[in-house]
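Undergrad: Could you have a look at this structure, given as structure tokens, before my questions?
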Amino acid sequence: MVLIKSHLGEINISKQFFSQLIGGTLTNCFGVADTNACSPKQSFLESLPIIKKKKFIDRGVAVKSFKGKLRVDLHITVMYGVNIASVVRSIQHKIAYVIQEETDIEVEAVNVFVDGIKS
């Protein structure tokens, strides 16, 4: 949970909301071929034959809150032939912008881990 306090009261926003918001934004970014599991729980769910066919929008997204700011970790596979550095910078800016616009919460860091290249 991310807690936002103001003079009007408190708002709790779940990490699930952020994961789905970021996952939806990430799938529309240029150069991203796929997302990869970023936690043991996601890896386990992907190994199950029933769930293997399903694609989860929050796969590859880890959100942590620290002193009212967010840290986002993304695990992706990029397409072959793209400039990886520019794709990563683009993703970092777009994710930070979307979170700031939707929730008005400051993003401390967006860490993008490129786990593979898809040809």
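Quick note on naming: the chains in the structure tokens go A, B, ... in the order shown, residues restart at 1 in each chain, and ligands are numbered from 1 in order of appearance.
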Among region 1-117 of chain A, which ones does DSSP assign to strand (DSSP E) (computed from the backbone)? Answer as a ChimeraX atom specification.
TA: /A:2-6,9-13,32-35,61-66,69-79,107-117
Undergrad: Using only C-alpha atoms, determine which residues lie at most 9 Å from Val88 (chain A), disregarding the query and same-chain residues fewer than 2 positions distant; provide the list as a ChimeraX atom specification.
TA: /A:31,83-86,90-93,111-114
Undergrad: Could those residues be written to a file, using all heavy atoms, as a short mmCIF file (atom, residue, chain, number, x, y, z; two decimals), in the first residue's frame?
TA:
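Final file, result_22.cif:
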data_model
loop_
_atom_site.label_atom_id
_atom_site.label_comp_id
_atom_site.auth_asym_id
_atom_site.auth_seq_id
_atom_site.Cartn_x
_atom_site.Cartn_y
_atom_site.Cartn_z
N GLY A 31 9.94 -1.09 -28.85
CA GLY A 31 11.12 -1.91 -28.62
C GLY A 31 10.93 -3.03 -27.63
O GLY A 31 11.79 -3.90 -27.52
N ASN A 83 18.02 0.25 -30.54
CA ASN A 83 19.02 0.84 -29.67
C ASN A 83 18.54 0.66 -28.23
O ASN A 83 17.59 1.31 -27.79
CB ASN A 83 19.19 2.32 -30.01
CG ASN A 83 20.29 2.97 -29.23
OD1 ASN A 83 20.67 2.53 -28.16
ND2 ASN A 83 20.81 4.06 -29.78
N ILE A 84 19.20 -0.23 -27.52
CA ILE A 84 18.75 -0.61 -26.18
C ILE A 84 18.76 0.59 -25.23
O ILE A 84 17.82 0.78 -24.45
CB ILE A 84 19.59 -1.77 -25.63
CG1 ILE A 84 19.36 -3.02 -26.50
CG2 ILE A 84 19.23 -2.07 -24.18
CD1 ILE A 84 20.25 -4.18 -26.18
N ALA A 85 19.80 1.39 -25.29
CA ALA A 85 19.89 2.54 -24.39
C ALA A 85 18.73 3.52 -24.59
O ALA A 85 18.15 4.02 -23.63
CB ALA A 85 21.22 3.25 -24.58
N SER A 86 18.38 3.78 -25.83
CA SER A 86 17.28 4.73 -26.08
C SER A 86 15.93 4.12 -25.71
O SER A 86 15.05 4.84 -25.24
CB SER A 86 17.28 5.21 -27.53
OG SER A 86 17.10 4.14 -28.40
N SER A 90 13.54 5.78 -22.91
CA SER A 90 12.15 6.06 -23.27
C SER A 90 11.18 5.43 -22.27
O SER A 90 10.21 6.07 -21.85
CB SER A 90 11.88 5.55 -24.68
OG SER A 90 10.52 5.63 -24.98
N ILE A 91 11.45 4.20 -21.90
CA ILE A 91 10.59 3.50 -20.92
C ILE A 91 10.64 4.21 -19.58
O ILE A 91 9.60 4.42 -18.94
CB ILE A 91 11.02 2.02 -20.79
CG1 ILE A 91 10.68 1.26 -22.06
CG2 ILE A 91 10.37 1.38 -19.57
CD1 ILE A 91 11.29 -0.13 -22.13
N GLN A 92 11.82 4.59 -19.13
CA GLN A 92 11.95 5.27 -17.84
C GLN A 92 11.15 6.57 -17.82
O GLN A 92 10.42 6.84 -16.86
CB GLN A 92 13.43 5.56 -17.55
CG GLN A 92 14.22 4.32 -17.22
CD GLN A 92 15.71 4.59 -17.11
OE1 GLN A 92 16.23 5.48 -17.77
NE2 GLN A 92 16.38 3.82 -16.26
N HIS A 93 11.26 7.36 -18.86
CA HIS A 93 10.53 8.62 -18.91
C HIS A 93 9.02 8.41 -19.00
O HIS A 93 8.25 9.09 -18.32
CB HIS A 93 11.00 9.48 -20.10
CG HIS A 93 12.39 10.00 -19.92
ND1 HIS A 93 12.75 10.88 -18.94
CD2 HIS A 93 13.52 9.76 -20.62
CE1 HIS A 93 14.03 11.17 -19.02
NE2 HIS A 93 14.53 10.49 -20.05
N ASN A 111 13.97 1.39 -12.71
CA ASN A 111 15.09 0.53 -13.10
C ASN A 111 14.60 -0.47 -14.15
O ASN A 111 13.66 -1.22 -13.90
CB ASN A 111 15.63 -0.23 -11.89
CG ASN A 111 16.09 0.72 -10.79
OD1 ASN A 111 16.77 1.69 -11.06
ND2 ASN A 111 15.68 0.44 -9.57
N VAL A 112 15.23 -0.46 -15.31
CA VAL A 112 14.85 -1.35 -16.39
C VAL A 112 15.96 -2.37 -16.59
O VAL A 112 17.12 -2.00 -16.84
CB VAL A 112 14.60 -0.57 -17.70
CG1 VAL A 112 14.21 -1.52 -18.82
CG2 VAL A 112 13.54 0.50 -17.50
N PHE A 113 15.62 -3.64 -16.44
CA PHE A 113 16.57 -4.72 -16.62
C PHE A 113 16.25 -5.44 -17.94
O PHE A 113 15.15 -5.98 -18.09
CB PHE A 113 16.50 -5.72 -15.46
CG PHE A 113 16.78 -5.09 -14.12
CD1 PHE A 113 15.76 -4.68 -13.30
CD2 PHE A 113 18.09 -4.89 -13.72
CE1 PHE A 113 16.00 -4.11 -12.07
CE2 PHE A 113 18.36 -4.30 -12.49
CZ PHE A 113 17.32 -3.90 -11.66
N VAL A 114 17.18 -5.40 -18.86
CA VAL A 114 16.99 -6.09 -20.15
C VAL A 114 17.52 -7.51 -19.98
O VAL A 114 18.72 -7.73 -19.87
CB VAL A 114 17.73 -5.34 -21.28
CG1 VAL A 114 17.55 -6.08 -22.59
CG2 VAL A 114 17.22 -3.92 -21.40
#
Undergrad: Point out the residue among A:Ile117, A:Ile4, A:Val61, A:Ala109 with the least atom-to-atom distance to Val82 (chain A), counting only C-alpha atoms.
TA: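 Closest residue, counting only C-alpha atoms: A:Ile117.
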Undergrad: When you look at Ile22 (chain A) with a cut-off of 12 Å (counting only C-alpha atoms), what residues show up, excluding the ones that are within fewer than 4 positions of it in the same chain? I need them as number ranges by chain.
TA: A: 15-18, 26-29, 35, 57-63, 70-75, 91-100, 102, 110
Undergrad: As a ChimeraX atom specification, which residues of region 19-118 of chain A does DSSP assign to alpha helix (DSSP H)?
TA: /A:19-26,40-47,84-103
Undergrad: Between A:Leu21, A:Val107, A:Thr77, A:Val87, single out the one closest to Ala37 (chain A), counting only C-alpha atoms.
TA: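 Nearest to Ala37 (chain A): A:Thr77.
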Undergrad: CA of Ser65 (chain A) and CA of Val2 (chain A) are how many Å apart?
TA: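 If I compute the distance from CA of Ser65 (chain A) to CA of Val2 (chain A), I get 6.4 Å.
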